[in-house]
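The file coords-v6.cif comes next; it holds mmCIF, C-alpha atoms.
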```
data_protein
#
loop_
_atom_site.label_atom_id
_atom_site.label_comp_id
_atom_site.auth_asym_id
_atom_site.auth_seq_id
_atom_site.Cartn_x
_atom_site.Cartn_y
_atom_site.Cartn_z
CA MET N 1 52.85 24.87 -125.82
CA ALA N 2 54.45 27.50 -123.64
CA HIS N 3 52.31 28.05 -120.57
CA ASN N 4 52.53 31.49 -118.93
CA VAL N 5 56.29 31.63 -119.37
CA GLU N 6 56.70 35.10 -117.90
CA GLU N 7 54.65 34.23 -114.83
CA ARG N 8 56.69 31.08 -114.27
CA LEU N 9 59.96 32.97 -114.62
CA GLU N 10 58.73 35.57 -112.15
CA ARG N 11 57.73 32.89 -109.64
CA HIS N 12 61.20 31.38 -109.87
CA LYS N 13 62.82 34.77 -109.37
CA ARG N 14 60.71 35.34 -106.24
CA PHE N 15 61.77 31.90 -105.00
CA TRP N 16 65.45 32.77 -105.38
CA GLU N 17 64.99 36.20 -103.82
CA GLN N 18 63.02 34.63 -100.93
CA GLU N 19 60.25 37.11 -101.49
CA GLU N 20 56.77 36.73 -100.07
CA THR N 21 54.50 35.01 -102.56
CA ASP N 22 50.96 33.69 -102.82
CA ARG N 23 51.96 30.01 -102.96
CA PRO N 24 55.01 27.75 -103.30
CA LEU N 25 56.59 26.85 -106.61
CA VAL N 26 55.01 23.57 -107.77
CA GLY N 27 56.35 21.20 -110.40
CA PHE N 28 55.82 17.63 -111.53
CA ARG N 29 57.53 14.76 -113.26
CA ILE N 30 55.36 12.03 -114.79
CA ILE N 31 57.14 8.71 -114.26
CA ASN N 32 56.53 5.12 -115.23
CA SER N 33 59.16 3.84 -112.77
CA TYR N 34 61.10 5.04 -109.75
CA PHE N 35 64.30 3.95 -111.52
CA PRO N 36 65.61 6.67 -113.89
CA ALA N 37 67.27 3.97 -116.02
CA GLU N 38 63.77 2.89 -117.07
CA TRP N 39 62.49 6.33 -118.10
CA PHE N 40 63.74 6.09 -121.69
CA GLN N 41 62.99 3.36 -124.20
CA ALA N 42 66.49 3.91 -125.58
CA GLY N 43 67.94 2.81 -122.24
CA LEU N 44 65.99 -0.41 -121.77
CA PRO N 45 68.18 -2.68 -123.97
CA LEU N 46 71.15 -1.78 -121.75
CA LEU N 47 69.54 -3.13 -118.57
CA GLN N 48 71.10 -6.58 -118.65
CA ASP N 49 72.59 -7.91 -115.45
CA ASN N 50 76.35 -7.23 -115.23
CA LEU N 51 76.58 -5.91 -118.79
CA GLU N 52 79.51 -3.50 -119.00
CA ILE N 53 78.28 -0.19 -120.40
CA LYS N 54 80.70 1.72 -122.63
CA PRO N 55 80.22 5.23 -124.03
CA GLU N 56 79.69 4.05 -127.59
CA MET N 57 76.67 1.99 -126.44
CA LEU N 58 74.72 5.17 -125.62
CA ASP N 59 72.95 6.65 -128.64
CA ALA N 60 72.50 10.31 -127.68
CA GLN N 61 70.26 10.96 -130.69
CA ALA N 62 67.88 8.17 -129.68
CA PHE N 63 67.53 9.53 -126.15
CA ALA N 64 67.07 13.08 -127.46
CA ALA N 65 64.32 11.96 -129.83
CA GLU N 66 62.22 10.78 -126.87
CA CYS N 67 62.36 14.22 -125.25
CA GLU N 68 59.78 15.70 -127.61
CA ALA N 69 56.88 13.69 -126.18
CA MET N 70 58.10 14.20 -122.60
CA TYR N 71 58.27 17.96 -123.10
CA GLU N 72 54.77 18.11 -124.58
CA ALA N 73 53.27 15.99 -121.79
CA HIS N 74 54.85 18.04 -119.02
CA GLU N 75 54.04 21.42 -120.57
CA ALA N 76 50.37 20.40 -120.63
CA LEU N 77 50.28 20.15 -116.82
CA GLY N 78 50.09 23.88 -116.11
CA GLN N 79 52.99 23.62 -113.65
CA ASP N 80 55.43 26.30 -112.53
CA PHE N 81 58.61 24.38 -113.38
CA PHE N 82 60.10 24.08 -116.87
CA TRP N 83 60.58 20.57 -118.18
CA THR N 84 64.33 20.12 -118.46
CA ALA N 85 66.33 17.66 -120.56
CA GLU N 86 69.63 16.28 -119.31
CA PRO N 87 72.19 13.67 -120.37
CA PHE N 88 70.83 10.22 -119.45
CA THR N 89 70.70 10.65 -115.70
CA ALA N 90 70.99 6.94 -114.90
CA VAL N 91 74.64 7.01 -115.94
CA PRO N 92 77.11 7.57 -113.06
CA TRP N 93 78.80 10.19 -115.22
CA LEU N 94 81.47 11.50 -112.89
CA GLU N 95 82.39 8.04 -111.62
CA ALA N 96 82.82 6.93 -115.23
CA MET N 97 84.99 9.95 -116.03
CA ALA N 98 87.05 9.11 -112.94
CA GLY N 99 87.85 5.67 -114.32
CA CYS N 100 85.13 3.41 -112.91
CA LYS N 101 83.78 0.73 -115.19
CA ILE N 102 80.00 1.04 -115.49
CA TYR N 103 77.75 -2.00 -115.29
CA ALA N 104 74.04 -2.57 -115.68
CA SER N 105 71.51 -4.31 -113.50
CA PRO N 106 67.89 -5.01 -114.47
CA ASN N 107 66.85 -1.49 -113.38
CA SER N 108 69.92 0.70 -112.94
CA LEU N 109 73.54 1.41 -113.84
CA TRP N 110 76.32 1.26 -111.26
CA ALA N 111 80.02 2.00 -110.93
CA ALA N 112 82.64 -0.61 -109.97
CA HIS N 113 85.46 0.45 -107.64
CA TRP N 114 89.02 0.31 -108.95
CA LEU N 115 91.33 2.50 -106.84
CA GLU N 116 93.86 0.21 -105.15
CA ASP N 117 97.03 2.31 -105.21
CA TRP N 118 96.82 5.84 -103.78
CA THR N 119 99.52 7.06 -106.17
CA GLN N 120 96.94 6.68 -108.94
CA VAL N 121 95.09 9.68 -107.50
CA GLU N 122 97.78 11.96 -108.93
CA HIS N 123 96.50 11.22 -112.45
CA LEU N 124 92.83 11.98 -111.76
CA CYS N 125 91.62 14.97 -113.77
CA LEU N 126 89.09 15.73 -116.46
CA GLU N 127 90.88 15.61 -119.81
CA PRO N 128 89.09 16.79 -122.99
CA GLU N 129 89.69 13.42 -124.64
CA ASN N 130 88.00 11.48 -121.81
CA PRO N 131 85.53 9.25 -123.73
CA TRP N 132 82.81 9.66 -121.11
CA LEU N 133 83.17 13.44 -121.21
CA GLN N 134 82.94 13.34 -124.99
CA LYS N 135 79.76 11.26 -124.74
CA TYR N 136 78.32 13.71 -122.19
CA GLN N 137 78.98 16.60 -124.56
CA GLU N 138 77.43 14.62 -127.41
CA PHE N 139 74.26 14.38 -125.32
CA LEU N 140 74.33 18.15 -124.72
CA ARG N 141 74.58 18.85 -128.46
CA ALA N 142 71.80 16.39 -129.33
CA LEU N 143 69.45 17.72 -126.66
CA THR N 144 70.14 21.33 -127.66
CA ALA N 145 69.27 20.53 -131.26
CA VAL N 146 65.94 18.93 -130.28
CA SER N 147 65.07 21.72 -127.86
CA CYS N 148 65.33 24.58 -130.38
CA GLY N 149 65.14 26.88 -127.37
CA ARG N 150 61.83 25.45 -126.11
CA PHE N 151 63.24 23.80 -123.00
CA PRO N 152 66.49 24.07 -121.03
CA ILE N 153 69.30 21.51 -120.92
CA GLY N 154 70.25 20.86 -117.32
CA GLN N 155 72.82 18.99 -115.30
CA PRO N 156 71.86 15.35 -114.57
CA ILE N 157 72.59 13.63 -111.27
CA LEU N 158 76.30 14.19 -110.67
CA ARG N 159 77.51 12.75 -107.43
CA GLY N 160 79.68 14.84 -105.14
CA PRO N 161 83.26 14.17 -104.03
CA LEU N 162 82.32 11.84 -101.16
CA ASP N 163 80.02 9.76 -103.36
CA VAL N 164 82.64 9.36 -106.08
CA PHE N 165 85.33 8.62 -103.48
CA SER N 166 83.08 5.85 -102.14
CA ALA N 167 82.59 4.50 -105.66
CA LEU N 168 86.33 4.51 -106.40
CA ARG N 169 87.27 2.66 -103.22
CA GLY N 170 84.15 0.70 -102.30
CA ALA N 171 81.87 1.58 -99.39
CA SER N 172 83.62 -0.35 -96.61
CA ARG N 173 87.13 0.83 -97.46
CA TYR N 174 85.80 4.37 -97.96
CA VAL N 175 84.82 4.59 -94.28
CA LEU N 176 88.13 3.19 -93.00
CA ASP N 177 90.22 5.36 -95.32
CA PHE N 178 89.44 8.50 -93.31
CA TYR N 179 91.36 6.95 -90.42
CA ASP N 180 93.99 4.96 -92.31
CA TYR N 181 94.89 7.41 -95.11
CA PRO N 182 93.81 10.92 -94.03
CA THR N 183 96.28 12.80 -96.24
CA GLU N 184 95.45 10.72 -99.30
CA VAL N 185 91.72 11.06 -98.66
CA GLN N 186 91.93 14.84 -98.57
CA ALA N 187 93.92 14.94 -101.80
CA LEU N 188 91.38 12.67 -103.49
CA ILE N 189 88.38 14.71 -102.34
CA ASN N 190 90.04 17.88 -103.60
CA ARG N 191 90.71 16.35 -107.02
CA LEU N 192 87.17 15.04 -107.32
CA ALA N 193 85.77 18.47 -106.44
CA ALA N 194 87.93 19.98 -109.17
CA MET N 195 86.64 17.39 -111.66
CA PHE N 196 83.04 18.12 -110.65
CA ILE N 197 83.52 21.85 -111.16
CA ALA N 198 85.27 21.30 -114.50
CA LEU N 199 82.42 19.11 -115.75
CA VAL N 200 79.69 21.59 -114.82
CA ARG N 201 81.73 24.45 -116.28
CA SER N 202 81.96 22.46 -119.53
CA HIS N 203 78.19 21.95 -119.39
CA ILE N 204 77.36 25.62 -118.82
CA THR N 205 79.65 26.77 -121.62
CA THR N 206 78.18 24.22 -124.06
CA VAL N 207 74.42 24.69 -123.63
CA PRO N 208 72.56 27.91 -124.48
CA PRO N 209 70.84 29.90 -121.72
CA PHE N 210 67.08 29.55 -121.35
CA HIS N 211 65.23 32.85 -120.98
CA GLY N 212 68.42 34.39 -119.67
CA GLY N 213 69.09 31.65 -117.12
CA TYR N 214 69.74 27.94 -116.70
CA ALA N 215 67.90 25.01 -115.13
CA MET N 216 68.90 22.29 -112.72
CA GLY N 217 68.37 18.99 -114.46
CA PHE N 218 66.51 16.19 -112.69
CA TYR N 219 64.74 18.79 -110.50
CA HIS N 220 63.75 21.18 -113.32
CA LEU N 221 64.33 24.26 -111.16
CA TRP N 222 65.09 27.35 -113.27
CA ALA N 223 67.60 29.96 -112.08
CA PRO N 224 68.21 33.48 -113.42
CA GLY N 225 71.90 32.66 -114.04
CA PRO N 226 74.39 29.78 -114.13
CA CYS N 227 73.58 27.09 -111.57
CA ILE N 228 75.11 24.00 -110.01
CA TRP N 229 73.80 21.25 -107.72
CA PHE N 230 75.38 18.24 -106.10
CA GLN N 231 74.77 15.42 -103.66
CA GLU N 232 76.78 13.72 -100.94
CA ASP N 233 74.74 10.59 -100.14
CA ALA N 234 77.88 8.86 -98.85
CA SER N 235 77.94 11.38 -96.00
CA ALA N 236 75.39 9.06 -94.34
CA LEU N 237 78.25 6.61 -93.66
CA ILE N 238 80.51 9.04 -91.78
CA SER N 239 80.26 11.36 -88.78
CA PRO N 240 79.53 15.09 -88.82
CA GLU N 241 83.10 15.62 -87.62
CA LEU N 242 84.56 13.78 -90.61
CA TYR N 243 82.31 15.69 -92.98
CA HIS N 244 83.45 18.99 -91.47
CA ARG N 245 87.12 18.08 -91.61
CA TYR N 246 87.32 16.50 -95.06
CA ALA N 247 84.36 17.52 -97.23
CA ARG N 248 82.96 20.87 -96.16
CA GLU N 249 85.67 22.93 -97.85
CA ALA N 250 85.40 20.98 -101.12
CA ASP N 251 81.61 21.30 -101.16
CA THR N 252 81.96 25.02 -100.47
CA ARG N 253 84.25 25.36 -103.49
CA ILE N 254 81.63 23.64 -105.63
CA VAL N 255 78.86 26.04 -104.63
CA GLN N 256 81.11 29.07 -104.96
CA THR N 257 81.43 28.33 -108.68
CA TYR N 258 78.06 29.76 -109.68
CA PRO N 259 75.48 32.03 -108.03
CA TYR N 260 72.55 29.59 -107.96
CA THR N 261 73.28 26.45 -105.98
CA MET N 262 71.58 23.44 -104.42
CA VAL N 263 72.45 20.29 -102.50
CA HIS N 264 70.38 17.11 -102.52
CA LEU N 265 69.79 15.52 -99.12
CA HIS N 266 68.23 12.29 -97.91
CA PRO N 267 66.87 12.00 -94.36
CA ALA N 268 69.73 9.56 -93.67
CA SER N 269 72.11 12.53 -93.93
CA PHE N 270 70.12 14.99 -91.81
CA PHE N 271 72.93 14.99 -89.26
CA ILE N 272 75.05 17.15 -91.59
CA LEU N 273 72.23 19.66 -92.11
CA ASP N 274 73.50 22.10 -89.49
CA GLU N 275 76.87 22.10 -91.26
CA LEU N 276 75.27 22.70 -94.65
CA LEU N 277 73.23 25.61 -93.29
CA THR N 278 76.48 27.41 -92.43
CA ILE N 279 77.75 27.30 -96.04
CA ASP N 280 76.74 30.79 -97.17
CA PRO N 281 76.99 30.30 -100.98
CA LEU N 282 74.62 27.32 -100.74
CA LYS N 283 71.17 28.64 -101.66
CA VAL N 284 68.81 25.64 -101.67
CA ILE N 285 68.50 22.46 -99.63
CA GLN N 286 66.61 19.77 -101.55
CA ILE N 287 65.10 17.07 -99.32
CA ASN N 288 63.64 13.75 -100.45
CA LYS N 289 60.53 12.11 -99.18
CA ASP N 290 61.99 8.61 -99.39
CA THR N 291 60.00 5.40 -99.68
CA GLY N 292 60.17 3.85 -96.23
CA GLY N 293 61.66 7.03 -94.77
CA PRO N 294 60.17 9.57 -92.37
CA SER N 295 56.82 11.09 -93.27
CA ILE N 296 56.22 14.69 -94.26
CA VAL N 297 54.76 15.35 -90.81
CA GLU N 298 57.85 13.88 -89.15
CA MET N 299 60.14 16.05 -91.29
CA LEU N 300 58.29 19.33 -90.64
CA PRO N 301 60.78 20.50 -87.96
CA VAL N 302 63.64 19.97 -90.43
CA PHE N 303 61.78 21.82 -93.19
CA LYS N 304 61.13 24.76 -90.87
CA LYS N 305 64.78 24.88 -89.81
CA VAL N 306 65.91 24.99 -93.45
CA LEU N 307 63.48 27.78 -94.31
CA THR N 308 64.88 30.01 -91.58
CA LYS N 309 68.19 30.20 -93.49
CA LYS N 310 67.84 28.74 -96.98
CA ARG N 311 65.37 27.92 -99.70
CA LEU N 312 63.77 24.46 -99.59
CA LEU N 313 62.81 22.09 -102.40
CA ILE N 314 60.82 19.03 -101.30
CA TRP N 315 60.93 16.15 -103.81
CA GLY N 316 59.09 12.86 -103.96
CA ALA N 317 55.83 11.02 -104.59
CA LEU N 318 53.85 13.43 -102.44
CA THR N 319 50.22 12.55 -101.80
CA GLY N 320 47.41 15.06 -101.69
CA GLU N 321 47.51 14.78 -97.88
CA ASP N 322 51.27 15.47 -97.90
CA VAL N 323 50.76 18.58 -99.97
CA GLU N 324 47.97 19.83 -97.71
CA VAL N 325 50.18 19.42 -94.63
CA ILE N 326 53.01 21.33 -96.33
CA LEU N 327 50.73 24.17 -97.42
CA LYS N 328 49.22 24.43 -93.95
CA GLU N 329 52.43 24.22 -91.92
CA LEU N 330 55.15 25.90 -94.01
CA PRO N 331 55.56 29.44 -95.31
CA CYS N 332 55.48 29.95 -99.07
CA ARG N 333 58.59 32.14 -99.15
CA GLY N 334 61.53 30.19 -100.58
CA LEU N 335 59.52 26.94 -100.83
CA ALA N 336 59.26 24.65 -103.87
CA LEU N 337 57.62 21.25 -104.35
CA PHE N 338 58.64 18.83 -107.10
CA ILE N 339 56.18 15.96 -107.16
CA LEU N 340 56.49 12.58 -108.85
CA THR N 341 53.24 11.35 -110.32
CA GLU N 342 52.21 8.44 -112.51
CA SER N 343 49.77 10.45 -114.60
CA GLY N 344 49.12 13.91 -115.92
CA ASP N 345 45.66 13.83 -114.40
CA GLY N 346 47.19 13.26 -110.96
CA ALA N 347 49.46 16.26 -111.42
CA ARG N 348 46.63 18.49 -112.59
CA GLU N 349 44.50 17.52 -109.59
CA ILE N 350 47.28 18.46 -107.18
CA MET N 351 47.93 21.76 -108.96
CA LYS N 352 44.22 22.57 -108.84
CA ALA N 353 44.13 21.73 -105.13
CA VAL N 354 47.12 23.99 -104.39
CA LYS N 355 45.49 26.96 -106.11
CA LYS N 356 42.13 26.24 -104.43
CA TYR N 357 43.80 26.01 -101.01
CA PHE N 358 45.27 29.47 -101.24
CA THR N 359 42.06 30.95 -102.65
CA THR N 360 39.92 29.32 -99.95
CA TYR N 361 42.12 29.71 -96.89
CA THR N 362 43.96 32.95 -97.61
CA GLY N 363 41.54 34.78 -99.87
CA ARG N 364 44.27 35.03 -102.53
CA ASP N 365 43.79 34.08 -106.13
#
```
Full structure transcribed into C-alpha cells:
Amino acid sequence: MAHNVEERLERHKRFWEQEETDRPLVGFRIINSYFPAEWFQAGLPLLQDNLEIKPEMLDAQAFAAECEAMYEAHEALGQDFFWTAEPFTAVPWLEAMAGCKIYASPNSLWAAHWLEDWTQVEHLCLEPENPWLQKYQEFLRALTAVSCGRFPIGQPILRGPLDVFSALRGASRYVLDFYDYPTEVQALINRLAAMFIALVRSHITTVPPFHGGYAMGFYHLWAPGPCIWFQEDASALISPELYHRYAREADTRIVQTYPYTMVHLHPASFFILDELLTIDPLKVIQINKDTGGPSIVEMLPVFKKVLTKKRLLIWGALTGEDVEVILKELPCRGLALFILTESGDGAREIMKAVKKYFTTYTGRD
C-alpha cells in the first residue's frame, strides 16, 4: 500500500536541507492510549503492578506480528511520514542494559535505581552478552523479517545520559550528586554516552536501510542516512549551568555519531534550549505539546526561535485549531508535525485541512 513513496522521500529531503516547500511535513500515529506500554496486545499481560520484567518475558515475534495491521492502517492515511517499527518502546532499554531491574505498573514499565557504590561505574559498558541487548537485537531481527522492506526499523525511546544517570541513582540523589560527587558524575555520564552510542551503532548495523536511509523510531521521521535521536528529560531537574558543565559535551558526542540527529524536548526543559541551539551537529529539536503544558500559541516564540537555527518537529495530540495556528504563524521550511490521533478518519481530516489551507491561502496546490 505504498503511497507516493518518491514524493514522501523528496519532502523529507527538503526538510533536512531546510529548503523552501509548499507545506510542512505531516505525519500521524493512531493510538488507543497515551501509554506506549498499552499499544501492543502482546504487552498487556506484563502490566501487573510491581511485576519484575525480564528479557525472556518479551516475545519479540508476538510484538512483530502485530506490526502488520499497524503498518496497513497508517499507510492508508495518506501521510508524509513512513510508519516505523521499533523494539517495544515501553521498555527502558538503556536503563535495563545498565543494570536496572525493570518493573511494571498497570500502564507502563519503569527502572529501579541500584547504584550505591561509585566504584561500580567502572564496570558499566555494553557487552555483547548483555541479555537486554540480546533481546533488543532479537526484536530487530523479528521486525526486519516482518517488514520485508516495506517499512523501516527505527530506534525506540532511548533515554540520554542524564536520564539514565537519574534512573541509576534515583531522582533526589541524582540532583545532589552534581555537588557531592562531581568527578564521579562526569565519569558516569561519559560511560552512559558511550553505551548509548554503542547501542545505536549496533542498531544501525543490524537493520537494513530503507530507500537508502533510516528512520527515527517513535517519531517516524525518515532521514537520507544513518540517524540518531535522544532525550534528556532529567535536565528539567538541574540548572542550565550544570547541563553545560556536565552533559553538553556528552550529548554533542552522541549527535556527532551520525549525520541526521534529533533531541526530544519537553517544555519543562526549555531553559536548556539556548544551549542546545549552539550544538552544531544537532539538526532537529523535537518539542512536545504536553497534556497540561503550555498551549501551541504560548509556545510560538520558542518554535520561531528554533526555526531560525534548526529544524523543528512538533509532536502531540494537536487539534485542528492547533494545526491552523501553526500553519498561519510558522514557516514551512524545516517544519514537521507528528500528530497523535485516535482514529484514521481524524488523521485524514487534518491532512485534508492542511492541503486545503495552502491551496486556499497561498494559491499553491
Nearest residue to Ser239 (chain N) from the set N:Gly225, N:Thr261, N:Gly334, N:Val175 (distances using all atoms listed in the file)
N:Val175
Check what the PyMOL selection byres ((chain N and resi 313) around 9) selects in the file above and give those residues as a ChimeraX atom specification.
/N:25,219,284-288,311-312,314-315,334-338
Would you kindly translate the PyMOL selection byres ((chain N and resi 146) around 10) into the concrete residues it picks from this file, as a list in words?
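Going through the file, the PyMOL selection byres ((chain N and resi 146) around 10) ends up selecting Gln61, Ala64, Ala65, Glu66, Cys67, Glu68, Ala85, Arg141, Ala142, Leu143, Thr144, Ala145, Ser147, Cys148, Gly149, Arg150 and Phe151 of chain N.
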When the PyMOL selection byres ((chain N and resi 95) around 9) is applied to the file above, which residues end up in the set, as a PyMOL selection string?
chain N and resi 91-94+96-102+111-112+158-159+163-165+167-168
Ranking N:Asn32, N:Lys135, N:Lys305, N:His220 by minimum distance to Tyr71 (chain N) and counting only C-alpha atoms, which one comes first?
N:His220
Start from the incomplete input, build N, CA, C and O atoms for region 92-110 of chain N, and deliver everything as a PDB file, in the coordinates of the input.
```pdb
ATOM      1  N   PRO N  92      76.242   6.934-114.069  1.00  0.00           N
ATOM      2  CA  PRO N  92      77.110   7.570-113.060  1.00  0.00           C
ATOM      3  C   PRO N  92      78.237   8.320-113.773  1.00  0.00           C
ATOM      4  O   PRO N  92      79.370   7.852-113.868  1.00  0.00           O
ATOM      5  N   TRP N  93      77.913   9.485-114.295  1.00  0.00           N
ATOM      6  CA  TRP N  93      78.800  10.190-115.220  1.00  0.00           C
ATOM      7  C   TRP N  93      80.170  10.495-114.622  1.00  0.00           C
ATOM      8  O   TRP N  93      81.210  10.213-115.233  1.00  0.00           O
ATOM      9  N   LEU N  94      80.189  11.091-113.438  1.00  0.00           N
ATOM     10  CA  LEU N  94      81.470  11.500-112.890  1.00  0.00           C
ATOM     11  C   LEU N  94      82.309  10.287-112.470  1.00  0.00           C
ATOM     12  O   LEU N  94      83.535  10.281-112.633  1.00  0.00           O
ATOM     13  N   GLU N  95      81.663   9.253-111.955  1.00  0.00           N
ATOM     14  CA  GLU N  95      82.390   8.040-111.620  1.00  0.00           C
ATOM     15  C   GLU N  95      83.037   7.439-112.873  1.00  0.00           C
ATOM     16  O   GLU N  95      84.183   6.984-112.841  1.00  0.00           O
ATOM     17  N   ALA N  96      82.281   7.451-113.973  1.00  0.00           N
ATOM     18  CA  ALA N  96      82.820   6.930-115.230  1.00  0.00           C
ATOM     19  C   ALA N  96      84.007   7.755-115.701  1.00  0.00           C
ATOM     20  O   ALA N  96      85.032   7.212-116.131  1.00  0.00           O
ATOM     21  N   MET N  97      83.885   9.073-115.615  1.00  0.00           N
ATOM     22  CA  MET N  97      84.990   9.950-116.030  1.00  0.00           C
ATOM     23  C   MET N  97      86.192   9.794-115.119  1.00  0.00           C
ATOM     24  O   MET N  97      87.325  10.062-115.537  1.00  0.00           O
ATOM     25  N   ALA N  98      85.951   9.336-113.888  1.00  0.00           N
ATOM     26  CA  ALA N  98      87.050   9.110-112.940  1.00  0.00           C
ATOM     27  C   ALA N  98      87.622   7.704-113.041  1.00  0.00           C
ATOM     28  O   ALA N  98      88.428   7.300-112.199  1.00  0.00           O
ATOM     29  N   GLY N  99      87.216   6.959-114.055  1.00  0.00           N
ATOM     30  CA  GLY N  99      87.850   5.670-114.320  1.00  0.00           C
ATOM     31  C   GLY N  99      87.091   4.442-113.913  1.00  0.00           C
ATOM     32  O   GLY N  99      87.562   3.317-114.148  1.00  0.00           O
ATOM     33  N   CYS N 100      85.910   4.592-113.301  1.00  0.00           N
ATOM     34  CA  CYS N 100      85.130   3.410-112.910  1.00  0.00           C
ATOM     35  C   CYS N 100      84.521   2.745-114.153  1.00  0.00           C
ATOM     36  O   CYS N 100      84.024   3.436-115.046  1.00  0.00           O
ATOM     37  N   LYS N 101      84.548   1.444-114.184  1.00  0.00           N
ATOM     38  CA  LYS N 101      83.780   0.730-115.190  1.00  0.00           C
ATOM     39  C   LYS N 101      82.304   0.775-114.766  1.00  0.00           C
ATOM     40  O   LYS N 101      81.973   0.713-113.589  1.00  0.00           O
ATOM     41  N   ILE N 102      81.430   0.907-115.755  1.00  0.00           N
ATOM     42  CA  ILE N 102      80.000   1.040-115.490  1.00  0.00           C
ATOM     43  C   ILE N 102      79.310  -0.253-115.921  1.00  0.00           C
ATOM     44  O   ILE N 102      79.528  -0.749-117.034  1.00  0.00           O
ATOM     45  N   TYR N 103      78.482  -0.770-115.030  1.00  0.00           N
ATOM     46  CA  TYR N 103      77.750  -2.000-115.290  1.00  0.00           C
ATOM     47  C   TYR N 103      76.256  -1.782-115.127  1.00  0.00           C
ATOM     48  O   TYR N 103      75.819  -0.858-114.436  1.00  0.00           O
ATOM     49  N   ALA N 104      75.491  -2.650-115.765  1.00  0.00           N
ATOM     50  CA  ALA N 104      74.040  -2.570-115.680  1.00  0.00           C
ATOM     51  C   ALA N 104      73.500  -3.626-114.732  1.00  0.00           C
ATOM     52  O   ALA N 104      74.128  -4.664-114.488  1.00  0.00           O
ATOM     53  N   SER N 105      72.345  -3.329-114.186  1.00  0.00           N
ATOM     54  CA  SER N 105      71.510  -4.310-113.500  1.00  0.00           C
ATOM     55  C   SER N 105      70.152  -4.248-114.187  1.00  0.00           C
ATOM     56  O   SER N 105      69.958  -3.438-115.104  1.00  0.00           O
ATOM     57  N   PRO N 106      69.184  -5.049-113.786  1.00  0.00           N
ATOM     58  CA  PRO N 106      67.890  -5.010-114.470  1.00  0.00           C
ATOM     59  C   PRO N 106      67.154  -3.670-114.386  1.00  0.00           C
ATOM     60  O   PRO N 106      66.231  -3.428-115.172  1.00  0.00           O
ATOM     61  N   ASN N 107      67.547  -2.777-113.455  1.00  0.00           N
ATOM     62  CA  ASN N 107      66.850  -1.490-113.380  1.00  0.00           C
ATOM     63  C   ASN N 107      67.734  -0.283-113.091  1.00  0.00           C
ATOM     64  O   ASN N 107      67.226   0.791-112.776  1.00  0.00           O
ATOM     65  N   SER N 108      69.050  -0.449-113.203  1.00  0.00           N
ATOM     66  CA  SER N 108      69.920   0.700-112.940  1.00  0.00           C
ATOM     67  C   SER N 108      71.308   0.462-113.538  1.00  0.00           C
ATOM     68  O   SER N 108      71.609  -0.626-114.040  1.00  0.00           O
ATOM     69  N   LEU N 109      72.132   1.505-113.459  1.00  0.00           N
ATOM     70  CA  LEU N 109      73.540   1.410-113.840  1.00  0.00           C
ATOM     71  C   LEU N 109      74.375   1.738-112.604  1.00  0.00           C
ATOM     72  O   LEU N 109      74.005   2.597-111.808  1.00  0.00           O
ATOM     73  N   TRP N 110      75.512   1.055-112.461  1.00  0.00           N
ATOM     74  CA  TRP N 110      76.320   1.260-111.260  1.00  0.00           C
ATOM     75  C   TRP N 110      77.805   1.254-111.611  1.00  0.00           C
ATOM     76  O   TRP N 110      78.222   0.775-112.663  1.00  0.00           O
TER      77      TRP N 110
END
```
